[in-house]
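Text of the file data39.tsv, holding TSV, C-alpha atoms and all ligand atoms:
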chain	number	residue	atom	x	y	z
I	24	MET	CA	-165.12	14.52	23.97
I	25	ASN	CA	-166.24	13.04	27.27
I	26	PRO	CA	-163.63	10.71	28.84
I	27	LEU	CA	-165.86	7.62	28.63
I	28	LYS	CA	-166.48	8.14	24.90
I	29	ASN	CA	-162.80	8.75	24.42
I	30	VAL	CA	-162.00	5.28	25.78
I	31	VAL	CA	-164.75	3.32	24.04
I	32	GLU	CA	-164.48	5.12	20.70
I	33	THR	CA	-160.74	5.05	20.15
I	34	ASP	CA	-159.78	2.97	17.13
I	35	ASN	CA	-156.97	0.78	18.39
I	36	ILE	CA	-156.83	-1.11	15.08
I	37	LYS	CA	-157.64	0.33	11.65
I	38	LEU	CA	-156.60	0.30	8.04
I	39	SER	CA	-154.38	3.14	6.87
I	40	GLU	CA	-156.05	5.72	4.64
I	41	ASP	CA	-154.75	4.08	1.45
I	42	GLY	CA	-155.93	0.69	2.78
I	43	ARG	CA	-152.51	-0.92	2.37
I	44	ALA	CA	-151.29	-1.00	5.99
I	45	VAL	CA	-152.66	-1.82	9.44
I	46	VAL	CA	-152.40	0.95	12.01
I	47	ILE	CA	-152.45	-0.01	15.69
I	48	ILE	CA	-151.82	1.48	19.09
I	49	ASP	CA	-148.74	-0.33	20.40
I	50	GLN	CA	-150.27	-1.86	23.55
I	51	SER	CA	-146.86	-2.94	24.82
I	52	LYS	CA	-145.99	0.75	25.42
I	53	LEU	CA	-149.17	1.68	27.31
I	54	PRO	CA	-149.91	3.40	29.62
I	55	ASN	CA	-146.79	5.55	29.48
I	56	LEU	CA	-146.65	6.09	25.74
I	57	THR	CA	-149.45	6.16	23.15
I	58	GLU	CA	-147.59	5.21	20.01
I	59	TYR	CA	-149.19	4.25	16.70
I	60	LEU	CA	-147.50	1.72	14.44
I	61	THR	CA	-148.10	1.33	10.71
I	62	LEU	CA	-147.48	-2.26	9.65
I	63	THR	CA	-147.24	-3.66	6.15
I	64	THR	CA	-145.01	-6.74	5.93
I	65	ALA	CA	-145.86	-10.27	7.06
I	66	GLU	CA	-142.93	-10.16	9.50
I	67	GLU	CA	-144.13	-6.90	11.09
I	68	LEU	CA	-147.65	-8.26	11.45
I	69	TYR	CA	-146.37	-11.50	12.99
I	70	GLU	CA	-144.09	-9.64	15.40
I	71	ALA	CA	-146.91	-7.32	16.52
I	72	ILE	CA	-149.04	-10.30	17.59
I	73	GLN	CA	-146.15	-12.26	19.07
I	74	GLN	CA	-144.91	-9.32	21.14
I	75	LEU	CA	-148.45	-8.38	22.27
I	76	ARG	CA	-148.35	-4.98	20.55
I	77	VAL	CA	-151.84	-6.04	19.55
I	78	ARG	CA	-153.47	-8.51	21.92
I	79	GLY	CA	-156.77	-9.74	23.27
I	80	ALA	CA	-158.52	-12.52	21.38
I	81	PRO	CA	-161.05	-10.47	19.33
I	82	ALA	CA	-158.49	-7.73	18.59
I	83	ILE	CA	-156.05	-10.33	17.25
I	84	GLY	CA	-158.82	-11.60	14.93
I	85	ILE	CA	-159.64	-8.12	13.63
I	86	PHE	CA	-155.95	-7.38	13.17
I	87	ALA	CA	-155.33	-10.65	11.32
I	88	GLY	CA	-158.24	-9.91	8.95
I	89	TYR	CA	-156.85	-6.47	8.07
I	90	GLY	CA	-153.29	-7.85	7.99
I	91	ILE	CA	-153.94	-10.61	5.49
I	92	TYR	CA	-155.96	-8.20	3.33
I	93	CYS	CA	-152.90	-5.91	3.17
I	94	LEU	CA	-150.68	-8.87	2.31
I	95	ALA	CA	-153.13	-10.05	-0.37
I	96	GLN	CA	-152.72	-6.69	-2.11
I	97	THR	CA	-148.97	-7.32	-2.44
I	98	ILE	CA	-149.37	-10.66	-4.28
I	99	LYS	CA	-148.44	-9.75	-7.83
I	100	THR	CA	-150.08	-12.30	-10.09
I	101	GLN	CA	-153.19	-12.69	-12.23
I	102	SER	CA	-153.26	-16.46	-11.73
I	103	TYR	CA	-155.87	-17.68	-9.21
I	104	ASP	CA	-153.78	-20.72	-8.24
I	105	GLU	CA	-150.64	-18.70	-7.57
I	106	PHE	CA	-152.63	-16.12	-5.62
I	107	ALA	CA	-154.40	-18.75	-3.51
I	108	LYS	CA	-151.12	-20.56	-2.78
I	109	LYS	CA	-149.32	-17.40	-1.60
I	110	PHE	CA	-152.40	-16.30	0.37
I	111	HIS	CA	-152.41	-19.66	2.14
I	112	GLU	CA	-148.70	-19.32	3.01
I	113	TYR	CA	-149.33	-15.89	4.55
I	114	LYS	CA	-152.32	-17.27	6.43
I	115	GLU	CA	-150.35	-20.16	7.92
I	116	TYR	CA	-147.52	-17.82	8.88
I	117	LEU	CA	-149.76	-15.33	10.70
I	118	ASN	CA	-151.70	-18.17	12.30
I	119	SER	CA	-148.50	-19.51	13.89
I	120	SER	CA	-147.87	-16.26	15.81
I	121	ARG	CA	-149.96	-17.28	18.86
I	122	PRO	CA	-151.72	-20.62	19.34
I	123	THR	CA	-154.30	-20.27	22.10
I	124	ALA	CA	-156.89	-17.67	21.02
I	125	VAL	CA	-159.20	-19.26	18.45
I	126	ASN	CA	-160.19	-15.85	17.01
I	127	LEU	CA	-156.89	-15.68	15.11
I	128	SER	CA	-157.52	-18.82	13.06
I	129	TRP	CA	-161.24	-18.05	12.94
I	130	ALA	CA	-160.63	-14.69	11.22
I	131	LEU	CA	-157.94	-16.06	8.91
I	132	ASN	CA	-160.13	-19.02	7.89
I	133	ARG	CA	-163.00	-16.65	7.22
I	134	MET	CA	-160.75	-14.56	4.96
I	135	GLU	CA	-159.46	-17.65	3.14
I	136	GLN	CA	-163.04	-18.80	2.58
I	137	VAL	CA	-163.53	-15.68	0.44
I	138	VAL	CA	-160.63	-16.82	-1.73
I	139	THR	CA	-161.86	-20.42	-2.07
I	140	ASP	CA	-165.45	-19.31	-2.73
I	141	HIS	CA	-164.44	-17.13	-5.70
I	142	LYS	CA	-162.30	-19.36	-7.88
I	143	GLU	CA	-163.99	-17.96	-11.00
I	144	SER	CA	-163.29	-14.31	-10.11
I	145	SER	CA	-160.25	-12.23	-11.09
I	146	VAL	CA	-157.54	-11.65	-8.50
I	147	SER	CA	-158.43	-7.96	-8.25
I	148	GLU	CA	-162.09	-8.83	-7.60
I	149	ILE	CA	-161.04	-11.28	-4.88
I	150	VAL	CA	-158.83	-8.64	-3.25
I	151	ALA	CA	-161.77	-6.22	-3.26
I	152	LEU	CA	-163.96	-8.87	-1.60
I	153	LEU	CA	-161.26	-9.48	1.02
I	154	GLY	CA	-161.34	-5.76	1.80
I	155	LYS	CA	-165.07	-6.00	2.43
I	156	GLU	CA	-164.70	-9.12	4.58
I	157	CYS	CA	-162.08	-7.70	6.95
I	158	ARG	CA	-164.13	-4.54	7.42
I	159	ALA	CA	-167.17	-6.74	8.14
I	160	ILE	CA	-165.22	-8.70	10.80
I	161	HIS	CA	-164.44	-5.40	12.54
I	162	GLU	CA	-167.99	-4.03	12.24
I	163	GLU	CA	-169.46	-7.28	13.55
I	164	ASP	CA	-167.10	-7.20	16.53
I	165	ILE	CA	-168.33	-3.73	17.46
I	166	ALA	CA	-171.94	-4.97	17.40
I	167	MET	CA	-171.04	-8.16	19.31
I	168	CYS	CA	-169.26	-6.24	22.06
I	169	ARG	CA	-172.27	-3.99	22.45
I	170	ALA	CA	-174.63	-6.97	22.75
I	171	ILE	CA	-172.31	-8.79	25.19
I	172	SER	CA	-172.13	-5.60	27.27
I	173	GLU	CA	-175.93	-5.40	27.44
I	174	TYR	CA	-176.34	-9.03	28.50
I	175	GLY	CA	-173.47	-8.68	30.98
I	176	LEU	CA	-174.96	-5.55	32.50
I	177	SER	CA	-178.19	-7.43	33.22
I	178	LEU	CA	-176.16	-9.53	35.69
I	179	LEU	CA	-174.97	-6.54	37.73
I	180	LYS	CA	-176.54	-4.14	40.22
I	181	ASP	CA	-175.68	-0.51	40.79
I	182	GLY	CA	-172.89	-0.30	43.38
I	183	ASP	CA	-171.56	-3.84	42.80
I	184	GLY	CA	-167.92	-4.72	43.33
I	185	VAL	CA	-166.49	-6.52	40.31
I	186	LEU	CA	-163.19	-8.35	39.99
I	187	THR	CA	-161.58	-8.79	36.60
I	188	HIS	CA	-158.39	-10.44	35.39
I	189	CYS	CA	-156.15	-9.42	32.46
I	190	ASN	CA	-157.70	-7.02	29.96
I	191	ALA	CA	-160.91	-7.62	28.07
I	192	GLY	CA	-161.76	-4.00	27.39
I	193	PRO	CA	-161.80	-1.79	24.28
I	194	LEU	CA	-158.09	-2.32	23.62
I	195	ALA	CA	-158.60	-6.09	23.44
I	196	THR	CA	-161.59	-5.82	21.10
I	197	SER	CA	-163.34	-2.88	19.54
I	198	ARG	CA	-165.32	-0.22	21.38
I	199	TYR	CA	-166.82	-1.55	24.64
I	200	GLY	CA	-164.85	-4.76	25.05
I	201	THR	CA	-166.27	-7.97	26.48
I	202	ALA	CA	-165.67	-8.42	30.23
I	203	LEU	CA	-165.31	-4.67	30.75
I	204	GLY	CA	-168.17	-3.82	28.41
I	205	PRO	CA	-170.93	-4.00	31.05
I	206	LEU	CA	-168.95	-1.58	33.21
I	207	PHE	CA	-168.61	1.02	30.45
I	208	LEU	CA	-172.22	0.60	29.42
I	209	GLY	CA	-173.40	0.84	33.05
I	210	LYS	CA	-171.34	3.98	33.51
I	211	GLU	CA	-173.04	5.51	30.46
I	212	GLN	CA	-176.35	4.80	32.15
I	213	GLY	CA	-175.28	6.43	35.42
I	214	MET	CA	-174.43	3.26	37.36
I	215	GLU	CA	-171.40	3.05	39.64
I	216	PHE	CA	-169.21	-0.02	40.09
I	217	HIS	CA	-166.15	-0.68	42.22
I	218	VAL	CA	-163.72	-2.65	40.13
I	219	PHE	CA	-160.76	-4.65	41.35
I	220	ALA	CA	-158.27	-5.16	38.53
I	221	ASP	CA	-155.76	-7.98	38.98
I	222	GLU	CA	-152.41	-6.69	37.77
I	223	THR	CA	-152.01	-9.96	35.79
I	224	ARG	CA	-148.46	-11.23	36.01
I	225	PRO	CA	-146.20	-11.47	34.16
I	226	LEU	CA	-147.15	-9.03	31.37
I	227	LEU	CA	-149.29	-6.77	33.56
I	228	GLN	CA	-152.23	-6.30	31.21
I	229	GLY	CA	-154.43	-5.55	34.24
I	230	ALA	CA	-152.15	-2.82	35.56
I	231	ARG	CA	-151.09	-1.35	32.24
I	232	LEU	CA	-154.35	-1.63	30.29
I	233	THR	CA	-157.42	-2.43	32.42
I	234	SER	CA	-156.79	0.08	35.18
I	235	TYR	CA	-155.82	2.63	32.51
I	236	GLU	CA	-159.04	2.16	30.53
I	237	LEU	CA	-161.29	2.21	33.59
I	238	GLN	CA	-159.57	5.14	35.26
I	239	ARG	CA	-159.69	7.13	32.01
I	240	ALA	CA	-163.41	6.40	31.73
I	241	GLY	CA	-164.06	7.67	35.26
I	242	ILE	CA	-164.91	4.22	36.67
I	243	ASP	CA	-163.82	3.49	40.23
I	244	VAL	CA	-160.92	1.04	39.89
I	245	THR	CA	-158.51	-0.40	42.44
I	246	LEU	CA	-155.43	-2.20	41.22
I	247	ILE	CA	-154.42	-5.32	43.15
I	248	CYS	CA	-151.67	-7.92	42.77
I	249	ASP	CA	-153.00	-11.27	41.57
I	250	ASN	CA	-152.42	-12.83	44.99
I	251	MET	CA	-154.73	-10.27	46.65
I	252	ALA	CA	-157.90	-11.51	44.96
I	253	SER	CA	-158.70	-13.78	47.89
I	254	ILE	CA	-158.61	-11.03	50.52
I	255	VAL	CA	-160.86	-8.64	48.58
I	256	MET	CA	-163.35	-11.48	48.07
I	257	LYS	CA	-163.18	-12.45	51.73
I	258	ASN	CA	-163.77	-8.82	52.70
I	259	GLY	CA	-167.08	-8.97	50.83
I	260	TRP	CA	-166.02	-6.39	48.27
I	261	VAL	CA	-166.71	-8.50	45.17
I	262	GLN	CA	-170.21	-9.40	43.98
I	263	ALA	CA	-169.21	-10.78	40.58
I	264	CYS	CA	-166.11	-11.80	38.60
I	265	LEU	CA	-166.08	-10.89	34.90
I	266	VAL	CA	-163.35	-12.26	32.64
I	267	GLY	CA	-162.73	-12.62	28.92
I	268	CYS	CA	-161.81	-15.77	27.05
I	269	ASP	CA	-159.45	-17.00	24.35
I	270	ARG	CA	-161.03	-20.35	23.51
I	271	ILE	CA	-164.12	-22.04	24.90
I	272	ALA	CA	-164.29	-25.80	24.41
I	273	ALA	CA	-167.54	-27.63	23.61
I	274	ASN	CA	-168.00	-28.61	27.29
I	275	GLY	CA	-167.52	-25.01	28.53
I	276	ASP	CA	-163.90	-25.35	29.71
I	277	THR	CA	-162.39	-21.94	29.02
I	278	ALA	CA	-158.84	-20.84	28.24
I	279	ASN	CA	-158.05	-17.30	29.34
I	280	LYS	CA	-155.04	-15.41	30.65
I	281	ILE	CA	-152.89	-17.29	33.14
I	282	GLY	CA	-154.34	-16.87	36.63
I	283	THR	CA	-157.98	-16.89	35.55
I	284	SER	CA	-158.61	-20.42	36.83
I	285	GLY	CA	-157.28	-19.41	40.26
I	286	VAL	CA	-159.77	-16.52	40.36
I	287	ALA	CA	-162.58	-18.97	39.48
I	288	ILE	CA	-161.55	-21.37	42.26
I	289	LEU	CA	-161.52	-18.52	44.78
I	290	ALA	CA	-164.89	-17.24	43.54
I	291	LYS	CA	-166.42	-20.68	44.05
I	292	HIS	CA	-164.99	-20.82	47.57
I	293	TYR	CA	-166.50	-17.45	48.48
I	294	GLY	CA	-169.80	-18.08	46.65
I	295	ILE	CA	-169.25	-15.30	44.11
I	296	PRO	CA	-170.64	-15.74	40.56
I	297	PHE	CA	-167.94	-16.15	37.94
I	298	TYR	CA	-168.88	-15.06	34.41
I	299	VAL	CA	-166.96	-15.56	31.16
I	300	LEU	CA	-167.77	-12.99	28.46
I	301	GLY	CA	-166.86	-13.38	24.80
I	302	PRO	CA	-168.15	-13.48	21.24
I	303	SER	CA	-169.42	-16.78	19.87
I	304	SER	CA	-166.36	-16.77	17.56
I	305	THR	CA	-164.36	-17.70	20.68
I	306	ILE	CA	-166.29	-20.95	21.06
I	307	ASP	CA	-164.50	-23.86	19.42
I	308	MET	CA	-166.97	-26.71	19.05
I	309	SER	CA	-164.25	-28.81	17.40
I	310	CYS	CA	-162.41	-28.83	20.72
I	311	PRO	CA	-164.20	-31.26	23.08
I	312	THR	CA	-162.63	-30.16	26.39
I	313	GLY	CA	-159.97	-27.85	27.80
I	314	ALA	CA	-157.44	-30.69	27.67
I	315	GLN	CA	-157.20	-30.24	23.89
I	316	ILE	CA	-156.45	-26.50	24.04
I	317	GLU	CA	-152.85	-25.66	23.21
I	318	ILE	CA	-151.37	-23.40	25.86
I	319	GLU	CA	-148.77	-20.92	24.67
I	320	LEU	CA	-145.48	-21.03	26.57
I	321	ARG	CA	-143.55	-17.76	26.58
I	322	ASP	CA	-140.04	-16.49	27.18
I	323	PRO	CA	-138.86	-16.97	30.82
I	324	ASP	CA	-137.34	-13.50	30.73
I	325	GLU	CA	-140.87	-12.08	30.87
I	326	ILE	CA	-140.92	-13.33	34.48
I	327	LYS	CA	-137.35	-12.56	35.47
I	328	LYS	CA	-136.40	-9.43	33.58
I	329	LYS	CA	-139.00	-7.69	31.48
I	330	PHE	CA	-140.32	-5.13	33.94
I	331	TYR	CA	-137.28	-4.86	36.24
I	332	GLU	CA	-134.16	-2.77	36.10
I	333	LYS	CA	-132.12	-5.82	37.12
I	334	PRO	CA	-132.97	-9.55	36.80
I	335	MET	CA	-135.13	-10.74	39.70
I	336	ALA	CA	-133.71	-14.26	39.75
I	337	LEU	CA	-130.39	-15.88	38.99
I	338	ASP	CA	-129.74	-16.48	35.33
I	339	GLU	CA	-129.62	-20.25	35.85
I	340	VAL	CA	-133.02	-20.39	37.61
I	341	LYS	CA	-135.65	-22.18	35.51
I	342	CYS	CA	-138.99	-20.50	34.81
I	343	TYR	CA	-142.31	-21.88	33.67
I	344	ASN	CA	-144.25	-19.21	31.80
I	345	PRO	CA	-147.59	-20.43	30.40
I	346	ALA	CA	-149.58	-17.52	28.94
I	347	PHE	CA	-153.00	-19.07	29.59
I	348	ASP	CA	-154.76	-21.57	31.80
I	349	VAL	CA	-158.04	-23.42	31.50
I	350	THR	CA	-160.91	-22.77	33.88
I	351	ASP	CA	-162.92	-25.90	34.44
I	352	HIS	CA	-166.53	-25.54	33.28
I	353	THR	CA	-167.77	-26.55	36.74
I	354	LEU	CA	-166.42	-23.26	38.10
I	355	ILE	CA	-168.23	-21.06	35.57
I	356	THR	CA	-171.62	-19.58	36.50
I	357	GLY	CA	-172.47	-18.37	33.00
I	358	ILE	CA	-171.00	-17.65	29.58
I	359	VAL	CA	-172.13	-14.31	28.15
I	360	THR	CA	-172.13	-14.13	24.34
I	361	GLU	CA	-173.65	-11.69	21.86
I	362	LYS	CA	-176.50	-14.17	21.44
I	363	GLY	CA	-177.41	-14.42	25.11
I	364	ILE	CA	-176.27	-15.85	28.43
I	365	LEU	CA	-175.52	-19.57	28.53
I	366	TYR	CA	-175.86	-21.58	31.72
I	367	PRO	CA	-174.79	-25.12	32.70
I	368	PRO	CA	-174.88	-27.77	31.49
I	369	PHE	CA	-172.68	-26.05	28.91
I	370	CYS	CA	-172.48	-29.13	26.66
I	371	ASP	CA	-176.19	-28.60	26.01
I	372	SER	CA	-176.37	-24.78	25.98
I	373	LEU	CA	-173.33	-24.48	23.69
I	374	SER	CA	-174.54	-27.02	21.18
I	375	GLU	CA	-177.99	-25.39	21.25
I	376	LEU	CA	-176.30	-22.06	20.39
I	377	PHE	CA	-174.84	-23.53	17.20
I	378	ARG	CA	-177.85	-25.54	16.17
M	401	LIG	O1	-152.09	-12.53	26.23
M	401	LIG	P1	-153.25	-11.62	26.03
M	401	LIG	O2	-153.05	-10.28	26.63
M	401	LIG	O3	-153.66	-11.55	24.57
M	401	LIG	O4	-154.44	-12.33	26.80
M	401	LIG	C1	-155.70	-11.74	26.72
M	401	LIG	C2	-156.74	-12.42	27.50
M	401	LIG	O5	-156.52	-13.44	28.11
M	401	LIG	C3	-158.13	-11.84	27.39
M	401	LIG	O6	-158.85	-12.04	28.56
M	401	LIG	C4	-158.85	-12.52	26.23
M	401	LIG	O7	-158.07	-12.49	25.08
M	401	LIG	C5	-160.15	-11.87	25.95
M	401	LIG	S1	-160.00	-10.23	25.35
M	401	LIG	C6	-161.57	-9.67	25.08
What does the file become when written as structure tokens?
Ligand code: MRU
Amino acid sequence: MNPLKNVVETDNIKLSEDGRAVVIIDQSKLPNLTEYLTLTTAEELYEAIQQLRVRGAPAIGIFAGYGIYCLAQTIKTQSYDEFAKKFHEYKEYLNSSRPTAVNLSWALNRMEQVVTDHKESSVSEIVALLGKECRAIHEEDIAMCRAISEYGLSLLKDGDGVLTHCNAGPLATSRYGTALGPLFLGKEQGMEFHVFADETRPLLQGARLTSYELQRAGIDVTLICDNMASIVMKNGWVQACLVGCDRIAANGDTANKIGTSGVAILAKHYGIPFYVLGPSSTIDMSCPTGAQIEIELRDPDEIKKKFYEKPMALDEVKCYNPAFDVTDHTLITGIVTEKGILYPPFCDSLSELFR
């Protein structure tokens, strides 16, 4: 298989052959170890999201759909009410694993809708319908990533330098990814890009995952520390910034991996277009602005200890470890969805999208 296909066609999330477990690549072990995990219990599914074994907003949604389908199969009752109650408990539990990416609750709500829409059906019929729904969520994501990649590619020219933050590639979604999708698609069409991948402190998704995916696909990639973004922009090496998103508010404010808003501020300073790429399921019209987005706070040891042989700060030193930040809509040039490219004023273009 050619290396590009190998990257964009690897199934990082799938159902086991008997359809009772979710099988994932453990992203926390990449790039040094490609280990597959087979998960069945609610606790294992929760832990996999919480520990970023599966991560990236769309991937978390796909995973949650498969996960709750597997859990639904373990509910041993013929009573609709008992089934729906236990299903709801599992849903709430999985939904509490990470708060910021809307795709998690979006996928779980979509699965629960199947249950509430079929009150007259038998439990086994409902479980069969849930199986169809989670497979549909995955299939739709593949199509959405492809469409986002096509729209995104229309914004780039052969030879462009592109800066990206965190990982919004195949591992974070399915197939092409969102922010990295145009790069893979362009490569397929013979275009060359020069990509700068921010390492993305503190969990290093850029170093461990983005540079891995791009390098494996034969795309020119240069890894930089997050605080080097300014110099590569100043040097004239970046013609566009492409990033993913975890929740887009109704006014266009966008939550994405911590450090994204800094990239957007720098891009504005240097006059570089800054594009957010994501499926419309990442847009939360019930959230008026970024101020209402809950930002996940994570363990301080991720900053001080996780990737070091010895702690890098005294034990008593305080750490602040927000996993995401919000990029103000005024810094965003365009939002690329599977339905097209949205431009400011985002209040109007976003509400038009859902009309
Ligand atoms: O904490 P992570 O690794 O799940 O954060 C991921 C990001 O911020 C991505 O940019 C976002 O989820 C979009 S993935 C297509």
Taking all atoms listed in the file into account, list the residues no farther than 8 Å from ligand LIG 401 (chain M), as a VMD selection string.
chain I and resid 75 77 to 83 124 188 to 193 195 to 196 200 to 202 226 228 266 to 269 278 to 281 300 to 301 346 to 347
Could you tell me which of I:Glu58, I:Tyr92, I:Ser102, I:Ser144 comes closest to I:Leu131 if we count all atoms listed in the file?
I:Tyr92
Contacts of I:Ser234 at 8 Å or less, counting only C-alpha atoms, minus same-chain residues fewer than 2 places along, as a ChimeraX atom specification?
/I:220,229-232,236-238,244-246
Resulting file, chosen residues, C-alpha atoms, as a compact mmCIF listing (two decimals), in the frame of the given file:
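This went into selection25.txt:
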# COMPACT_ATOMS: atom_id res chain seq x y z
CA ALA I 220 -158.27 -5.16 38.53
CA GLY I 229 -154.43 -5.55 34.24
CA ALA I 230 -152.15 -2.82 35.56
CA ARG I 231 -151.09 -1.35 32.24
CA LEU I 232 -154.35 -1.63 30.29
CA GLU I 236 -159.04 2.16 30.53
CA LEU I 237 -161.29 2.21 33.59
CA GLN I 238 -159.57 5.14 35.26
CA VAL I 244 -160.92 1.04 39.89
CA THR I 245 -158.51 -0.40 42.44
CA LEU I 246 -155.43 -2.20 41.22
Need the neighbours of (-163.0, -9.9, 2.0): which residues are at most 9 Å away, counting all atoms listed in the file, as a PyMOL selection string?
chain I and resi 88+92+133-138+149-159
List the neighbours of I:Val146 out to 10 Å using only C-alpha atoms; skip same-chain residues closer than 5 positions along the sequence, and give me the result as a VMD selection string.
chain I and resid 95 to 96 98 to 107 138 141 151 to 152
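Closest to I:Asn344 among I:Leu117, I:Ala314, I:Gly294, I:Pro225 is I:Pro225, based on all atoms listed in the file.
With distances restricted to only C-alpha atoms, I:Leu206 is the closest residue to I:Ile171 from I:Leu53, I:Met214, I:Leu186, I:Leu206.
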Each residue of stretch 142-248 of chain I lying at most 12 Å from stretch 350-367 of chain I should get a row with its shortest atom-to-atom pair and the distance in Å to one decimal, counting all atoms listed in the file; could you produce that, ordered by chain and increasing number, as JSON lines?
{"residue": "I:Glu163", "atom": "CA", "partner": "I:Glu361", "partner_atom": "CA", "distance": 10.3}
{"residue": "I:Asp164", "atom": "CA", "partner": "I:Glu361", "partner_atom": "CA", "distance": 9.6}
{"residue": "I:Ile165", "atom": "CA", "partner": "I:Glu361", "partner_atom": "CA", "distance": 10.5}
{"residue": "I:Ala166", "atom": "CA", "partner": "I:Glu361", "partner_atom": "CA", "distance": 8.2}
{"residue": "I:Met167", "atom": "CA", "partner": "I:Glu361", "partner_atom": "CA", "distance": 5.1}
{"residue": "I:Cys168", "atom": "CA", "partner": "I:Glu361", "partner_atom": "CA", "distance": 7.0}
{"residue": "I:Arg169", "atom": "CA", "partner": "I:Glu361", "partner_atom": "CA", "distance": 7.8}
{"residue": "I:Ala170", "atom": "CA", "partner": "I:Glu361", "partner_atom": "CA", "distance": 4.9}
{"residue": "I:Ile171", "atom": "CA", "partner": "I:Glu361", "partner_atom": "CA", "distance": 4.6}
{"residue": "I:Ser172", "atom": "CA", "partner": "I:Glu361", "partner_atom": "CA", "distance": 8.3}
{"residue": "I:Glu173", "atom": "CA", "partner": "I:Glu361", "partner_atom": "CA", "distance": 8.7}
{"residue": "I:Tyr174", "atom": "CA", "partner": "I:Gly363", "partner_atom": "CA", "distance": 6.5}
{"residue": "I:Gly175", "atom": "CA", "partner": "I:Val359", "partner_atom": "CA", "distance": 6.4}
{"residue": "I:Leu176", "atom": "CA", "partner": "I:Val359", "partner_atom": "CA", "distance": 10.2}
{"residue": "I:Ser177", "atom": "CA", "partner": "I:Ile364", "partner_atom": "CA", "distance": 9.9}
{"residue": "I:Leu178", "atom": "CA", "partner": "I:Ile364", "partner_atom": "CA", "distance": 9.6}
{"residue": "I:Gly200", "atom": "CA", "partner": "I:Glu361", "partner_atom": "CA", "distance": 11.6}
{"residue": "I:Thr201", "atom": "CA", "partner": "I:Thr360", "partner_atom": "CA", "distance": 8.8}
{"residue": "I:Ala202", "atom": "CA", "partner": "I:Val359", "partner_atom": "CA", "distance": 9.0}
{"residue": "I:Gly204", "atom": "CA", "partner": "I:Val359", "partner_atom": "CA", "distance": 11.2}
{"residue": "I:Pro205", "atom": "CA", "partner": "I:Val359", "partner_atom": "CA", "distance": 10.8}
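Going from atom CA of I:Asn55 to atom CA of I:Arg121 covers 25.4 Å.
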Once you count only C-alpha atoms, what closest atom pair and distance in Å to one decimal does each residue of stretch 277-307 of chain I within 12 Å of stretch 370-376 of chain I have, with rows by chain and rising residue number, as CSV?
residue,atom,partner,partner_atom,distance
I:Pro302,CA,I:Leu376,CA,11.9
I:Ser303,CA,I:Leu376,CA,8.7
I:Ser304,CA,I:Leu376,CA,11.6
I:Thr305,CA,I:Leu373,CA,11.6
I:Ile306,CA,I:Leu373,CA,8.3
I:Asp307,CA,I:Leu373,CA,9.8
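With distances taken over all atoms listed in the file, I:Arg76 is the one residue among I:Lys328, I:Arg76, I:Arg270, I:Arg321 lying closest to I:Ile36.
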Point out the residue among I:Ile72, I:Val46, I:Ile247, I:Met308 with the least atom-to-atom distance to I:Leu60, counting all atoms listed in the file.
I:Val46
Using only the atoms of stretch 123-128 of chain I listed in the file, plus 6 Å on each side, state the axis-aligned box centre and edge lengths in Å rounded to one decimal, as AutoDock Vina command-line options.
--center_x -157.2 --center_y -18.0 --center_z 17.6 --size_x 17.9 --size_y 16.6 --size_z 21.0
Could you please determine the separation between atom CA of I:Tyr343 and atom CA of I:Pro323 in Å, to one decimal place?
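So the two atoms, atom CA of I:Tyr343 and atom CA of I:Pro323, lie 6.6 Å apart.
In this structure, atom CA of I:Asn132 sits 18.2 Å away from atom CA of I:Glu317.
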Excluding I:Lys28 and any residue of its chain fewer than 4 positions from it, enumerate the residues within 12 Å of it, using only C-alpha atoms, and give them as a list in words.
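Residues meeting the cut-off are Met24, Glu32, Thr33, Asp34, Pro193, Arg198, Tyr199, Phe207, Leu208, Lys210, Glu211, Glu236, Leu237, Arg239, Ala240 and Gly241 of chain I.
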Generate the output file for the selected residues, C-alpha atoms, as a PDB file, in the frame of the given file.
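Generated output (out-v2.pdb):
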ATOM      1  CA  MET I  24    -165.120  14.520  23.970  1.00  0.00           C
ATOM      2  CA  GLU I  32    -164.480   5.120  20.700  1.00  0.00           C
ATOM      3  CA  THR I  33    -160.740   5.050  20.150  1.00  0.00           C
ATOM      4  CA  ASP I  34    -159.780   2.970  17.130  1.00  0.00           C
ATOM      5  CA  PRO I 193    -161.800  -1.790  24.280  1.00  0.00           C
ATOM      6  CA  ARG I 198    -165.320  -0.220  21.380  1.00  0.00           C
ATOM      7  CA  TYR I 199    -166.820  -1.550  24.640  1.00  0.00           C
ATOM      8  CA  PHE I 207    -168.610   1.020  30.450  1.00  0.00           C
ATOM      9  CA  LEU I 208    -172.220   0.600  29.420  1.00  0.00           C
ATOM     10  CA  LYS I 210    -171.340   3.980  33.510  1.00  0.00           C
ATOM     11  CA  GLU I 211    -173.040   5.510  30.460  1.00  0.00           C
ATOM     12  CA  GLU I 236    -159.040   2.160  30.530  1.00  0.00           C
ATOM     13  CA  LEU I 237    -161.290   2.210  33.590  1.00  0.00           C
ATOM     14  CA  ARG I 239    -159.690   7.130  32.010  1.00  0.00           C
ATOM     15  CA  ALA I 240    -163.410   6.400  31.730  1.00  0.00           C
ATOM     16  CA  GLY I 241    -164.060   7.670  35.260  1.00  0.00           C
TER      17      GLY I 241
END
Counting only C-alpha atoms, note down every residue that has an atom within 12 Å of the point (-153.3, -29.2, 23.9) (file coordinates), as a PyMOL selection string.
chain I and resi 122-123+270+272+278+310-320+347-349
Which residues are near I:Thr97? Cut-off 12 Å, only C-alpha atoms, ignore same chain within fewer than 6 positions. Put them as a list in words.
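Everything that qualifies: Gly42, Arg43, Ala44, Thr63, Thr64, Ala65, Gly90, Ile91, Phe106, Lys109, Phe110, Tyr113, Val146, Ser147 and Val150 of chain I.
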